[in-house]
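The structure appears right after this line, and notes come after that.
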Amino acid sequence: MPLEPFTSSKALSLGVELELQLVNTHDYDLAPYAEDMLRGMAQFDLPGSVVPEMTSSMIEISTDVCHSAEEVLTQLTPIRDALVKTADKLNIAVLGGGTHAFQQWHERRIYDKPRFQELSQLYGYLSKQFTIFGQHVHVGCPDADSALLMLHRMSRYIPHFIALSASSPFVQGQDTAFDSARLNSVFAFPLSGRAPFTLSWKEFGHYFERMTRTGVVKSMKDFYWDIRPKPEYGTIEIRVFDTPLTVERAAALAGYVQALASYFLQEQPFMPSEDDYLVYTYNRFQACRFGLEAVYVDPATGDHLPLREHILRTMTLLESHAATLDATRAFARLRTSVEASQNDARWLRERQGKERLLAEVVRQAGMRFRASEG
């Protein structure tokens, strides 16, 4: 299959996808209610879509094309409200978070859809271990070469995205000591990690042709990269975010991506290079392990500094772009949490420290998802 042409899209447009957990309200373990939820959600006239995911205890919601963080929130809010109403009728709960705190992967069921069944045959137990929950943010690019340039510029900020969204400290009943343990599961897949360093769509097409010739790759869907181009949408798709505990934070994170993209397009602040990736895996690990308390190694200078400080500096740099894009409220929300070294992983750990019972932590995460933040 040849690489499809890169579709034209409006620069800086946004699309957001959220993978969400379905849990019962007895012991707050994951519950196989995806089909019932999809049937119930079909009764509502909503933007975007609601679709199944790999296992039957998860669903994915998405927005239509949006143009600001505020518009993302305007679309996610009624979808969230409809999810809550539908879940209440089924006596289950819907929540965010990158992992379920104590589910056992071997108890999961693969959703009955041909692609999911094929992946299960290929990846074995990894498919059930892929019962993890992420936020994907699409940002529109004016053309294919601009998309690749933006992709590699964004790669320097992958630690920001991980630390700001981290919400997966617990796996199978254990505190992993990671803020984002979810990404460790993604790394198990053979076509995960970083995209190859190409800055022209022609060159990327040659790479894609070589990969398809091996028989390992059939389409762009087979790449599980941290950021990948989506030619059918005219976007790049950032995939490292854990699903936040609230739709407000999800929208704010989309606003942060959009402001960065605006900065790249308008100011062309640096040219990415292959050497940027010398510290990529280290920075990625630091952000997964320590969240906002991570160390960040600047790819350009080699300087080591607190990731929290690098995020705050970047937010200051992006303030004018945020204002133009109607993302000032989103930035204020994120900045307040960064200044307090607070992300969702820390919130979950604080709940566990107080409650001493992970089922109660899951219950409270469900309550947090259903209520709008101030």
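Just remember, in the structure tokens the first chain shown is A, the second B, etc., residues are 1-based per chain, and ligands are 1-based in the order shown.
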Report task. Extract, using only C-alpha atoms, all DNA, RNA and protein residues at most 8 Å from A:Met58, discarding same-chain residues fewer than 3 positions from it, and format them as a VMD selection string. Result -> chain A and resid 19 to 22 32 to 34 52 to 55 131
Counting only C-alpha atoms, what is within 10 Å of A:Ala87, bar same-chain residues fewer than 3 positions away, as a PDB file with N, CA and C atoms, in the first residue's frame?
```
ATOM      1  N   LEU A  22     -14.049   2.202  31.979  1.00  0.00           N
ATOM      2  CA  LEU A  22     -15.391   1.838  32.446  1.00  0.00           C
ATOM      3  C   LEU A  22     -15.235   0.915  33.655  1.00  0.00           C
ATOM      4  N   VAL A  23     -15.802   1.307  34.789  1.00  0.00           N
ATOM      5  CA  VAL A  23     -15.657   0.503  36.010  1.00  0.00           C
ATOM      6  C   VAL A  23     -17.029   0.230  36.626  1.00  0.00           C
ATOM      7  N   ASN A  24     -17.136  -0.898  37.318  1.00  0.00           N
ATOM      8  CA  ASN A  24     -18.384  -1.165  38.039  1.00  0.00           C
ATOM      9  C   ASN A  24     -18.414  -0.342  39.327  1.00  0.00           C
ATOM     10  N   TYR A  33     -18.302  -3.103  29.648  1.00  0.00           N
ATOM     11  CA  TYR A  33     -19.574  -2.470  29.288  1.00  0.00           C
ATOM     12  C   TYR A  33     -19.469  -1.577  28.052  1.00  0.00           C
ATOM     13  N   ASP A  36     -22.587  -1.728  25.712  1.00  0.00           N
ATOM     14  CA  ASP A  36     -23.759  -1.086  26.314  1.00  0.00           C
ATOM     15  C   ASP A  36     -23.626   0.439  26.303  1.00  0.00           C
ATOM     16  N   MET A  37     -22.415   0.921  26.585  1.00  0.00           N
ATOM     17  CA  MET A  37     -22.187   2.366  26.570  1.00  0.00           C
ATOM     18  C   MET A  37     -22.372   2.933  25.166  1.00  0.00           C
ATOM     19  N   GLY A  40     -26.018   3.159  24.397  1.00  0.00           N
ATOM     20  CA  GLY A  40     -26.646   4.262  25.115  1.00  0.00           C
ATOM     21  C   GLY A  40     -26.262   5.622  24.566  1.00  0.00           C
ATOM     22  N   MET A  41     -24.991   5.775  24.174  1.00  0.00           N
ATOM     23  CA  MET A  41     -24.515   7.069  23.663  1.00  0.00           C
ATOM     24  C   MET A  41     -25.102   7.391  22.295  1.00  0.00           C
ATOM     25  N   ASP A  81     -20.914  14.787  29.828  1.00  0.00           N
ATOM     26  CA  ASP A  81     -22.194  14.741  30.540  1.00  0.00           C
ATOM     27  C   ASP A  81     -23.057  13.564  30.057  1.00  0.00           C
ATOM     28  N   ALA A  82     -23.043  13.310  28.746  1.00  0.00           N
ATOM     29  CA  ALA A  82     -23.813  12.185  28.199  1.00  0.00           C
ATOM     30  C   ALA A  82     -23.227  10.851  28.650  1.00  0.00           C
ATOM     31  N   LEU A  83     -21.909  10.770  28.725  1.00  0.00           N
ATOM     32  CA  LEU A  83     -21.261   9.556  29.230  1.00  0.00           C
ATOM     33  C   LEU A  83     -21.699   9.262  30.664  1.00  0.00           C
ATOM     34  N   VAL A  84     -21.712  10.296  31.480  1.00  0.00           N
ATOM     35  CA  VAL A  84     -22.092  10.130  32.885  1.00  0.00           C
ATOM     36  C   VAL A  84     -23.540   9.656  32.990  1.00  0.00           C
ATOM     37  N   LEU A  90     -26.470   2.384  33.691  1.00  0.00           N
ATOM     38  CA  LEU A  90     -25.901   1.027  33.699  1.00  0.00           C
ATOM     39  C   LEU A  90     -25.286   0.662  35.049  1.00  0.00           C
ATOM     40  N   ASN A  91     -25.362   1.617  35.983  1.00  0.00           N
ATOM     41  CA  ASN A  91     -24.767   1.425  37.308  1.00  0.00           C
ATOM     42  C   ASN A  91     -23.263   1.156  37.220  1.00  0.00           C
ATOM     43  N   ILE A  92     -22.610   1.898  36.328  1.00  0.00           N
ATOM     44  CA  ILE A  92     -21.157   1.860  36.236  1.00  0.00           C
ATOM     45  C   ILE A  92     -20.645   3.294  36.294  1.00  0.00           C
ATOM     46  N   ALA A  93     -19.336   3.471  36.234  1.00  0.00           N
ATOM     47  CA  ALA A  93     -18.742   4.810  36.253  1.00  0.00           C
ATOM     48  C   ALA A  93     -17.725   4.925  35.130  1.00  0.00           C
ATOM     49  N   VAL A  94     -17.534   6.154  34.657  1.00  0.00           N
ATOM     50  CA  VAL A  94     -16.538   6.475  33.628  1.00  0.00           C
ATOM     51  C   VAL A  94     -15.496   7.372  34.268  1.00  0.00           C
TER      52      VAL A  94
END
```
Query raised in the report: Could you pull the residues within 12 Å of A:Leu148, counting only C-alpha atoms, minus those fewer than 2 positions along the same chain, as a ChimeraX atom specification?
Result: /A:6,140-146,150-155,195-205,227-231,234-237,264,271-273
Output the selection as an mmCIF file, in the first residue's frame - N, CA and C atoms for each residue.
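Listing of out-v4.cif after writing:
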```cif
data_model
loop_
_atom_site.group_PDB
_atom_site.id
_atom_site.type_symbol
_atom_site.label_atom_id
_atom_site.label_comp_id
_atom_site.auth_asym_id
_atom_site.auth_seq_id
_atom_site.Cartn_x
_atom_site.Cartn_y
_atom_site.Cartn_z
ATOM 1 N N PHE A 6 -0.756 13.773 1.612
ATOM 2 C CA PHE A 6 -1.051 14.549 2.814
ATOM 3 C C PHE A 6 -2.187 15.516 2.507
ATOM 4 N N GLY A 140 -3.421 20.681 13.127
ATOM 5 C CA GLY A 140 -3.399 20.842 11.676
ATOM 6 C C GLY A 140 -2.125 21.513 11.192
ATOM 7 N N CYS A 141 -1.646 21.062 10.026
ATOM 8 C CA CYS A 141 -0.421 21.588 9.426
ATOM 9 C C CYS A 141 -0.716 22.025 7.994
ATOM 10 N N PRO A 142 -0.096 23.104 7.540
ATOM 11 C CA PRO A 142 -0.439 23.649 6.219
ATOM 12 C C PRO A 142 -0.048 22.751 5.048
ATOM 13 N N ASP A 143 0.995 21.919 5.231
ATOM 14 C CA ASP A 143 1.412 21.009 4.163
ATOM 15 C C ASP A 143 2.265 19.906 4.779
ATOM 16 N N ALA A 144 2.621 18.935 3.948
ATOM 17 C CA ALA A 144 3.289 17.736 4.449
ATOM 18 C C ALA A 144 4.671 18.028 5.029
ATOM 19 N N ASP A 145 5.470 18.844 4.334
ATOM 20 C CA ASP A 145 6.813 19.139 4.844
ATOM 21 C C ASP A 145 6.742 19.922 6.155
ATOM 22 N N SER A 146 5.783 20.848 6.244
ATOM 23 C CA SER A 146 5.591 21.585 7.499
ATOM 24 C C SER A 146 5.215 20.641 8.632
ATOM 25 N N MET A 150 7.254 20.265 12.041
ATOM 26 C CA MET A 150 6.596 20.472 13.323
ATOM 27 C C MET A 150 6.733 19.245 14.220
ATOM 28 N N LEU A 151 6.605 18.064 13.627
ATOM 29 C CA LEU A 151 6.742 16.835 14.405
ATOM 30 C C LEU A 151 8.089 16.808 15.137
ATOM 31 N N HIS A 152 9.162 17.099 14.425
ATOM 32 C CA HIS A 152 10.486 17.004 15.047
ATOM 33 C C HIS A 152 10.761 18.172 15.993
ATOM 34 N N ARG A 153 10.153 19.321 15.756
ATOM 35 C CA ARG A 153 10.257 20.400 16.752
ATOM 36 C C ARG A 153 9.508 20.014 18.029
ATOM 37 N N MET A 154 8.320 19.444 17.872
ATOM 38 C CA MET A 154 7.529 19.025 19.033
ATOM 39 C C MET A 154 8.267 17.994 19.885
ATOM 40 N N SER A 155 9.153 17.213 19.257
ATOM 41 C CA SER A 155 9.817 16.133 19.991
ATOM 42 C C SER A 155 10.620 16.662 21.182
ATOM 43 N N ALA A 195 9.673 8.793 15.679
ATOM 44 C CA ALA A 195 9.605 8.709 14.223
ATOM 45 C C ALA A 195 11.008 8.869 13.628
ATOM 46 N N PRO A 196 11.243 8.354 12.426
ATOM 47 C CA PRO A 196 12.551 8.541 11.781
ATOM 48 C C PRO A 196 12.761 10.011 11.441
ATOM 49 N N PHE A 197 14.002 10.434 11.418
ATOM 50 C CA PHE A 197 14.289 11.852 11.175
ATOM 51 C C PHE A 197 14.287 12.130 9.672
ATOM 52 N N THR A 198 13.141 12.557 9.188
ATOM 53 C CA THR A 198 13.008 12.999 7.801
ATOM 54 C C THR A 198 12.274 14.330 7.809
ATOM 55 N N LEU A 199 12.697 15.248 6.943
ATOM 56 C CA LEU A 199 12.105 16.583 6.921
ATOM 57 C C LEU A 199 11.386 16.896 5.608
ATOM 58 N N SER A 200 11.262 15.890 4.736
ATOM 59 C CA SER A 200 10.464 16.097 3.515
ATOM 60 C C SER A 200 9.533 14.899 3.346
ATOM 61 N N TRP A 201 8.340 15.172 2.814
ATOM 62 C CA TRP A 201 7.356 14.104 2.636
ATOM 63 C C TRP A 201 7.851 13.081 1.606
ATOM 64 N N LYS A 202 8.636 13.542 0.642
ATOM 65 C CA LYS A 202 9.204 12.626 -0.347
ATOM 66 C C LYS A 202 10.142 11.632 0.339
ATOM 67 N N GLU A 203 11.000 12.143 1.208
ATOM 68 C CA GLU A 203 11.931 11.281 1.936
ATOM 69 C C GLU A 203 11.170 10.334 2.863
ATOM 70 N N PHE A 204 10.127 10.857 3.532
ATOM 71 C CA PHE A 204 9.319 10.009 4.404
ATOM 72 C C PHE A 204 8.621 8.923 3.592
ATOM 73 N N GLY A 205 8.181 9.263 2.382
ATOM 74 C CA GLY A 205 7.557 8.284 1.505
ATOM 75 C C GLY A 205 8.504 7.146 1.154
ATOM 76 N N ILE A 227 4.860 10.611 18.315
ATOM 77 C CA ILE A 227 4.188 11.569 17.421
ATOM 78 C C ILE A 227 4.230 10.961 16.032
ATOM 79 N N ARG A 228 3.102 10.966 15.341
ATOM 80 C CA ARG A 228 3.115 10.437 13.988
ATOM 81 C C ARG A 228 2.313 11.352 13.069
ATOM 82 N N PRO A 229 2.688 11.428 11.803
ATOM 83 C CA PRO A 229 1.867 12.183 10.857
ATOM 84 C C PRO A 229 0.573 11.424 10.559
ATOM 85 N N LYS A 230 -0.496 12.154 10.340
ATOM 86 C CA LYS A 230 -1.787 11.551 9.942
ATOM 87 C C LYS A 230 -2.190 12.190 8.610
ATOM 88 N N PRO A 231 -1.681 11.650 7.517
ATOM 89 C CA PRO A 231 -1.901 12.310 6.222
ATOM 90 C C PRO A 231 -3.364 12.436 5.836
ATOM 91 N N GLY A 234 -4.378 15.586 7.568
ATOM 92 C CA GLY A 234 -3.533 16.770 7.420
ATOM 93 C C GLY A 234 -3.007 17.267 8.752
ATOM 94 N N THR A 235 -2.688 16.319 9.650
ATOM 95 C CA THR A 235 -2.258 16.686 11.009
ATOM 96 C C THR A 235 -1.014 15.893 11.409
ATOM 97 N N ILE A 236 -0.438 16.301 12.531
ATOM 98 C CA ILE A 236 0.406 15.396 13.293
ATOM 99 C C ILE A 236 -0.375 15.039 14.557
ATOM 100 N N GLU A 237 -0.126 13.834 15.066
ATOM 101 C CA GLU A 237 -0.872 13.315 16.210
ATOM 102 C C GLU A 237 0.107 13.028 17.340
ATOM 103 N N PHE A 264 6.015 27.679 16.544
ATOM 104 C CA PHE A 264 6.881 27.071 15.535
ATOM 105 C C PHE A 264 6.607 27.652 14.153
ATOM 106 N N MET A 271 15.944 24.888 13.961
ATOM 107 C CA MET A 271 15.836 23.761 13.042
ATOM 108 C C MET A 271 16.146 22.485 13.813
ATOM 109 N N PRO A 272 15.242 21.528 13.818
ATOM 110 C CA PRO A 272 15.536 20.270 14.505
ATOM 111 C C PRO A 272 16.641 19.512 13.780
ATOM 112 N N SER A 273 17.301 18.635 14.506
ATOM 113 C CA SER A 273 18.351 17.817 13.897
ATOM 114 C C SER A 273 18.304 16.423 14.511
#
```
Query raised in the report: Which one of A:Leu358, A:Ala181, A:Ala250, A:Ile162 sits closest to A:Ala287 if you count only C-alpha atoms?
Result: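 Among the listed residues, the smallest separation from A:Ala287 belongs to A:Ile162.
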Query raised in the report: Can you list, as an MDAnalysis selection string, every residue of stretch 44-95 of chain A that DSSP puts in strand (DSSP E or B)?
Result: chainID A and resid 49:52 55 58:62 66 92:95
Can you spit out the residues from that selection as a JSON list (two decimals), in the first residue's frame, using N, CA, C and O atoms?
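And here's again-v2.json as it stands now:
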```json
[["chain", "number", "residue", "atom", "x", "y", "z"],
["A", 49, "SER", "N", -17.25, 11.75, 18.11],
["A", 49, "SER", "CA", -17.67, 10.34, 18.02],
["A", 49, "SER", "C", -17.33, 9.60, 19.30],
["A", 49, "SER", "O", -16.52, 10.05, 20.11],
["A", 50, "VAL", "N", -17.98, 8.45, 19.47],
["A", 50, "VAL", "CA", -17.68, 7.54, 20.58],
["A", 50, "VAL", "C", -17.50, 6.16, 19.94],
["A", 50, "VAL", "O", -18.40, 5.68, 19.25],
["A", 51, "VAL", "N", -16.34, 5.55, 20.16],
["A", 51, "VAL", "CA", -16.04, 4.28, 19.48],
["A", 51, "VAL", "C", -15.42, 3.30, 20.47],
["A", 51, "VAL", "O", -14.93, 3.69, 21.53],
["A", 52, "PRO", "N", -15.43, 2.00, 20.13],
["A", 52, "PRO", "CA", -14.79, 1.01, 21.01],
["A", 52, "PRO", "C", -13.27, 1.11, 20.94],
["A", 52, "PRO", "O", -12.71, 1.71, 20.02],
["A", 55, "THR", "N", -9.93, -3.29, 24.38],
["A", 55, "THR", "CA", -10.63, -4.22, 25.25],
["A", 55, "THR", "C", -11.99, -3.64, 25.64],
["A", 55, "THR", "O", -12.24, -2.44, 25.50],
["A", 58, "MET", "N", -13.13, -0.31, 27.91],
["A", 58, "MET", "CA", -12.67, 1.03, 27.57],
["A", 58, "MET", "C", -13.42, 1.52, 26.33],
["A", 58, "MET", "O", -13.89, 0.74, 25.51],
["A", 59, "ILE", "N", -13.56, 2.84, 26.23],
["A", 59, "ILE", "CA", -14.12, 3.46, 25.03],
["A", 59, "ILE", "C", -13.28, 4.69, 24.71],
["A", 59, "ILE", "O", -12.52, 5.18, 25.54],
["A", 60, "GLU", "N", -13.43, 5.16, 23.48],
["A", 60, "GLU", "CA", -12.72, 6.37, 23.06],
["A", 60, "GLU", "C", -13.71, 7.41, 22.58],
["A", 60, "GLU", "O", -14.60, 7.11, 21.77],
["A", 61, "ILE", "N", -13.56, 8.63, 23.08],
["A", 61, "ILE", "CA", -14.36, 9.74, 22.59],
["A", 61, "ILE", "C", -13.44, 10.68, 21.81],
["A", 61, "ILE", "O", -12.23, 10.72, 22.04],
["A", 62, "SER", "N", -14.02, 11.41, 20.88],
["A", 62, "SER", "CA", -13.22, 12.37, 20.12],
["A", 62, "SER", "C", -14.07, 13.59, 19.77],
["A", 62, "SER", "O", -15.30, 13.50, 19.71],
["A", 66, "CYS", "N", -11.62, 21.37, 15.84],
["A", 66, "CYS", "CA", -11.79, 22.57, 16.66],
["A", 66, "CYS", "C", -10.70, 23.59, 16.32],
["A", 66, "CYS", "O", -9.71, 23.26, 15.64],
["A", 92, "ILE", "N", -22.61, 1.90, 36.33],
["A", 92, "ILE", "CA", -21.16, 1.86, 36.24],
["A", 92, "ILE", "C", -20.65, 3.29, 36.29],
["A", 92, "ILE", "O", -21.43, 4.24, 36.40],
["A", 93, "ALA", "N", -19.34, 3.47, 36.23],
["A", 93, "ALA", "CA", -18.74, 4.81, 36.25],
["A", 93, "ALA", "C", -17.73, 4.92, 35.13],
["A", 93, "ALA", "O", -17.14, 3.93, 34.67],
["A", 94, "VAL", "N", -17.53, 6.15, 34.66],
["A", 94, "VAL", "CA", -16.54, 6.48, 33.63],
["A", 94, "VAL", "C", -15.50, 7.37, 34.27],
["A", 94, "VAL", "O", -15.83, 8.27, 35.05],
["A", 95, "LEU", "N", -14.23, 7.13, 33.95],
["A", 95, "LEU", "CA", -13.18, 7.99, 34.51],
["A", 95, "LEU", "C", -11.98, 8.08, 33.60],
["A", 95, "LEU", "O", -11.81, 7.29, 32.68]]
```
Query raised in the report: Hey, can you check how far atom CA of A:Pro244 sits from atom CA of A:Tyr157?
Result: 17.9 Å
Query - Nearest to A:Glu17 by atom-to-atom distance, counting only C-alpha atoms, from A:Leu191, A:Ala254, A:Ala42, A:Ala177 - result: A:Ala254
Do you have, as JSON lines, the list of residues of stretch 202-267 of chain A lying at most 10 Å from stretch 339-344 of chain A, each with its nearest atom pair and that distance in Å to one decimal, counting only C-alpha atoms and ordered by chain then number?
```
{"residue": "A:Asp242", "atom": "CA", "partner": "A:Asp344", "partner_atom": "CA", "distance": 9.5}
{"residue": "A:Thr243", "atom": "CA", "partner": "A:Asp344", "partner_atom": "CA", "distance": 9.6}
{"residue": "A:Pro244", "atom": "CA", "partner": "A:Asp344", "partner_atom": "CA", "distance": 6.8}
{"residue": "A:Leu245", "atom": "CA", "partner": "A:Asp344", "partner_atom": "CA", "distance": 6.7}
{"residue": "A:Thr246", "atom": "CA", "partner": "A:Asp344", "partner_atom": "CA", "distance": 9.3}
{"residue": "A:Arg249", "atom": "CA", "partner": "A:Asp344", "partner_atom": "CA", "distance": 9.5}
```
Would you output that residue set with N, CA and C atoms, as a PDB file, in the first residue's frame?
```
ATOM      1  N   ASP A 242      -1.076  10.819  28.984  1.00  0.00           N
ATOM      2  CA  ASP A 242      -2.046  10.015  29.723  1.00  0.00           C
ATOM      3  C   ASP A 242      -3.391  10.725  29.639  1.00  0.00           C
ATOM      4  N   THR A 243      -4.485   9.967  29.692  1.00  0.00           N
ATOM      5  CA  THR A 243      -5.794  10.612  29.783  1.00  0.00           C
ATOM      6  C   THR A 243      -5.900  11.342  31.116  1.00  0.00           C
ATOM      7  N   PRO A 244      -6.167  12.649  31.092  1.00  0.00           N
ATOM      8  CA  PRO A 244      -6.314  13.382  32.353  1.00  0.00           C
ATOM      9  C   PRO A 244      -7.575  12.961  33.109  1.00  0.00           C
ATOM     10  N   LEU A 245      -7.671  13.380  34.356  1.00  0.00           N
ATOM     11  CA  LEU A 245      -8.825  13.040  35.186  1.00  0.00           C
ATOM     12  C   LEU A 245     -10.039  13.925  34.892  1.00  0.00           C
ATOM     13  N   THR A 246      -9.823  15.050  34.178  1.00  0.00           N
ATOM     14  CA  THR A 246     -10.930  15.957  33.854  1.00  0.00           C
ATOM     15  C   THR A 246     -10.841  16.395  32.396  1.00  0.00           C
ATOM     16  N   ARG A 249      -8.709  19.660  31.932  1.00  0.00           N
ATOM     17  CA  ARG A 249      -7.261  19.530  31.757  1.00  0.00           C
ATOM     18  C   ARG A 249      -6.942  19.016  30.354  1.00  0.00           C
TER      19      ARG A 249
END
```
Requested in this report: In Å, rounded to a single decimal, give me how far atom CA of A:Phe290 is from atom CA of A:His160.
Outcome: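 Atom-to-atom, atom CA of A:His160 and atom CA of A:Phe290 are spaced 11.7 Å apart.
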Query - Within 10 Å of A:Ala371 using only C-alpha atoms, minus same-chain residues under 3 positions, as an MDAnalysis selection string - result: chainID A and resid 77 80:81 84 246:247 366:368 374
Using the selection just defined, write its residues with N, CA, C and O atoms as a short mmCIF file (atom, residue, chain, number, x, y, z; two decimals), in the first residue's frame.
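Ended up saving to part20.cif:
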```cif
data_model
loop_
_atom_site.label_atom_id
_atom_site.label_comp_id
_atom_site.auth_asym_id
_atom_site.auth_seq_id
_atom_site.Cartn_x
_atom_site.Cartn_y
_atom_site.Cartn_z
N THR A 77 -17.37 18.78 26.93
CA THR A 77 -18.25 18.87 28.10
C THR A 77 -19.58 18.14 27.89
O THR A 77 -19.97 17.31 28.73
N ARG A 80 -18.94 14.41 27.83
CA ARG A 80 -18.72 13.94 29.20
C ARG A 80 -20.04 13.78 29.95
O ARG A 80 -20.29 12.76 30.61
N ASP A 81 -20.91 14.79 29.83
CA ASP A 81 -22.19 14.74 30.54
C ASP A 81 -23.06 13.56 30.06
O ASP A 81 -23.72 12.90 30.86
N VAL A 84 -21.71 10.30 31.48
CA VAL A 84 -22.09 10.13 32.88
C VAL A 84 -23.54 9.66 32.99
O VAL A 84 -23.86 8.73 33.75
N THR A 246 -9.82 15.05 34.18
CA THR A 246 -10.93 15.96 33.85
C THR A 246 -10.84 16.39 32.40
O THR A 246 -9.74 16.44 31.81
N VAL A 247 -11.99 16.72 31.81
CA VAL A 247 -11.98 17.21 30.42
C VAL A 247 -11.39 18.62 30.35
O VAL A 247 -10.85 19.01 29.32
N GLY A 366 -13.61 8.78 39.53
CA GLY A 366 -14.87 8.82 38.79
C GLY A 366 -15.70 10.04 39.14
O GLY A 366 -16.30 10.68 38.27
N MET A 367 -15.73 10.41 40.41
CA MET A 367 -16.46 11.60 40.83
C MET A 367 -15.81 12.86 40.27
O MET A 367 -16.49 13.81 39.90
N ARG A 368 -14.49 12.84 40.18
CA ARG A 368 -13.79 14.01 39.66
C ARG A 368 -14.07 14.18 38.17
O ARG A 368 -14.21 15.31 37.67
N GLY A 374 -13.68 24.35 38.40
CA GLY A 374 -14.01 25.77 38.44
C GLY A 374 -13.09 26.58 37.57
O GLY A 374 -12.09 26.11 37.11
#
```
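For the set A:Gly215, A:Gly97, A:Pro269, A:Gly255, the residue with the smallest atom-to-atom gap to A:Ala327 is A:Gly255, counting only C-alpha atoms.
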**Report entry** Shell around A:Ser192 at 12 Å using only C-alpha atoms, local window under 6 positions removed, as number ranges by chain
**Finding:** A: 183-186, 221-228, 239-240, 281
Export of prior selection with N, CA, C and O atoms as a PDB file, in the first residue's frame:
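Okay, this is what ended up in out_30.pdb:
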```pdb
ATOM      1  N   LEU A 183       3.245   4.616  29.680  1.00  0.00           N
ATOM      2  CA  LEU A 183       4.107   4.607  28.505  1.00  0.00           C
ATOM      3  C   LEU A 183       5.080   3.435  28.494  1.00  0.00           C
ATOM      4  O   LEU A 183       5.608   3.079  27.441  1.00  0.00           O
ATOM      5  N   ASN A 184       5.322   2.819  29.648  1.00  0.00           N
ATOM      6  CA  ASN A 184       6.150   1.608  29.661  1.00  0.00           C
ATOM      7  C   ASN A 184       5.470   0.485  28.889  1.00  0.00           C
ATOM      8  O   ASN A 184       6.140  -0.332  28.251  1.00  0.00           O
ATOM      9  N   SER A 185       4.146   0.427  28.935  1.00  0.00           N
ATOM     10  CA  SER A 185       3.408  -0.582  28.173  1.00  0.00           C
ATOM     11  C   SER A 185       3.488  -0.296  26.674  1.00  0.00           C
ATOM     12  O   SER A 185       3.604  -1.215  25.853  1.00  0.00           O
ATOM     13  N   VAL A 186       3.429   0.974  26.296  1.00  0.00           N
ATOM     14  CA  VAL A 186       3.507   1.333  24.874  1.00  0.00           C
ATOM     15  C   VAL A 186       4.868   0.941  24.303  1.00  0.00           C
ATOM     16  O   VAL A 186       4.972   0.458  23.170  1.00  0.00           O
ATOM     17  N   LYS A 221      -1.230   3.201  10.555  1.00  0.00           N
ATOM     18  CA  LYS A 221      -1.768   2.754  11.844  1.00  0.00           C
ATOM     19  C   LYS A 221      -0.841   1.783  12.555  1.00  0.00           C
ATOM     20  O   LYS A 221      -0.963   1.568  13.761  1.00  0.00           O
ATOM     21  N   ASP A 222       0.074   1.168  11.795  1.00  0.00           N
ATOM     22  CA  ASP A 222       0.973   0.187  12.393  1.00  0.00           C
ATOM     23  C   ASP A 222       2.120   0.831  13.171  1.00  0.00           C
ATOM     24  O   ASP A 222       2.865   0.133  13.861  1.00  0.00           O
ATOM     25  N   PHE A 223       2.286   2.128  13.031  1.00  0.00           N
ATOM     26  CA  PHE A 223       3.312   2.846  13.788  1.00  0.00           C
ATOM     27  C   PHE A 223       2.717   3.362  15.097  1.00  0.00           C
ATOM     28  O   PHE A 223       1.698   4.062  15.084  1.00  0.00           O
ATOM     29  N   TYR A 224       3.344   3.028  16.209  1.00  0.00           N
ATOM     30  CA  TYR A 224       2.885   3.478  17.525  1.00  0.00           C
ATOM     31  C   TYR A 224       3.812   4.574  18.071  1.00  0.00           C
ATOM     32  O   TYR A 224       4.057   4.656  19.263  1.00  0.00           O
ATOM     33  N   TRP A 225       4.334   5.405  17.172  1.00  0.00           N
ATOM     34  CA  TRP A 225       5.282   6.433  17.565  1.00  0.00           C
ATOM     35  C   TRP A 225       4.654   7.435  18.541  1.00  0.00           C
ATOM     36  O   TRP A 225       3.436   7.620  18.581  1.00  0.00           O
ATOM     37  N   ASP A 226       5.507   8.097  19.309  1.00  0.00           N
ATOM     38  CA  ASP A 226       5.061   9.140  20.229  1.00  0.00           C
ATOM     39  C   ASP A 226       4.349  10.270  19.493  1.00  0.00           C
ATOM     40  O   ASP A 226       3.377  10.840  19.992  1.00  0.00           O
ATOM     41  N   ILE A 227       4.860  10.611  18.315  1.00  0.00           N
ATOM     42  CA  ILE A 227       4.188  11.569  17.421  1.00  0.00           C
ATOM     43  C   ILE A 227       4.230  10.961  16.032  1.00  0.00           C
ATOM     44  O   ILE A 227       5.281  10.479  15.592  1.00  0.00           O
ATOM     45  N   ARG A 228       3.102  10.966  15.341  1.00  0.00           N
ATOM     46  CA  ARG A 228       3.115  10.437  13.988  1.00  0.00           C
ATOM     47  C   ARG A 228       2.313  11.352  13.069  1.00  0.00           C
ATOM     48  O   ARG A 228       1.356  12.008  13.515  1.00  0.00           O
ATOM     49  N   ARG A 239       0.849  11.444  20.937  1.00  0.00           N
ATOM     50  CA  ARG A 239       0.221  10.284  21.542  1.00  0.00           C
ATOM     51  C   ARG A 239       0.762   9.949  22.941  1.00  0.00           C
ATOM     52  O   ARG A 239       0.454   8.890  23.473  1.00  0.00           O
ATOM     53  N   VAL A 240       1.576  10.822  23.516  1.00  0.00           N
ATOM     54  CA  VAL A 240       2.220  10.479  24.797  1.00  0.00           C
ATOM     55  C   VAL A 240       1.413  10.887  26.026  1.00  0.00           C
ATOM     56  O   VAL A 240       1.766  10.522  27.146  1.00  0.00           O
ATOM     57  N   THR A 281      15.324   9.717  24.619  1.00  0.00           N
ATOM     58  CA  THR A 281      14.852   8.624  25.473  1.00  0.00           C
ATOM     59  C   THR A 281      15.119   8.914  26.936  1.00  0.00           C
ATOM     60  O   THR A 281      14.303   8.577  27.806  1.00  0.00           O
TER      61      THR A 281
END
```
Query raised in the report: If we count only C-alpha atoms, what is near A:Glu309 at a cut-off of 12 Å, once residues fewer than 4 positions away on the same chain are taken out, given as a list in words?
Result: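 Near neighbours after the sequence-gap exclusion: His160, Leu292, Glu293, Ala294, Val295, Tyr296, Val297, Asp298, His304, Leu305, Arg313, Thr314, Met315, Thr316, Arg335, Val338, Glu339, Ala340 and Ser341 of chain A.
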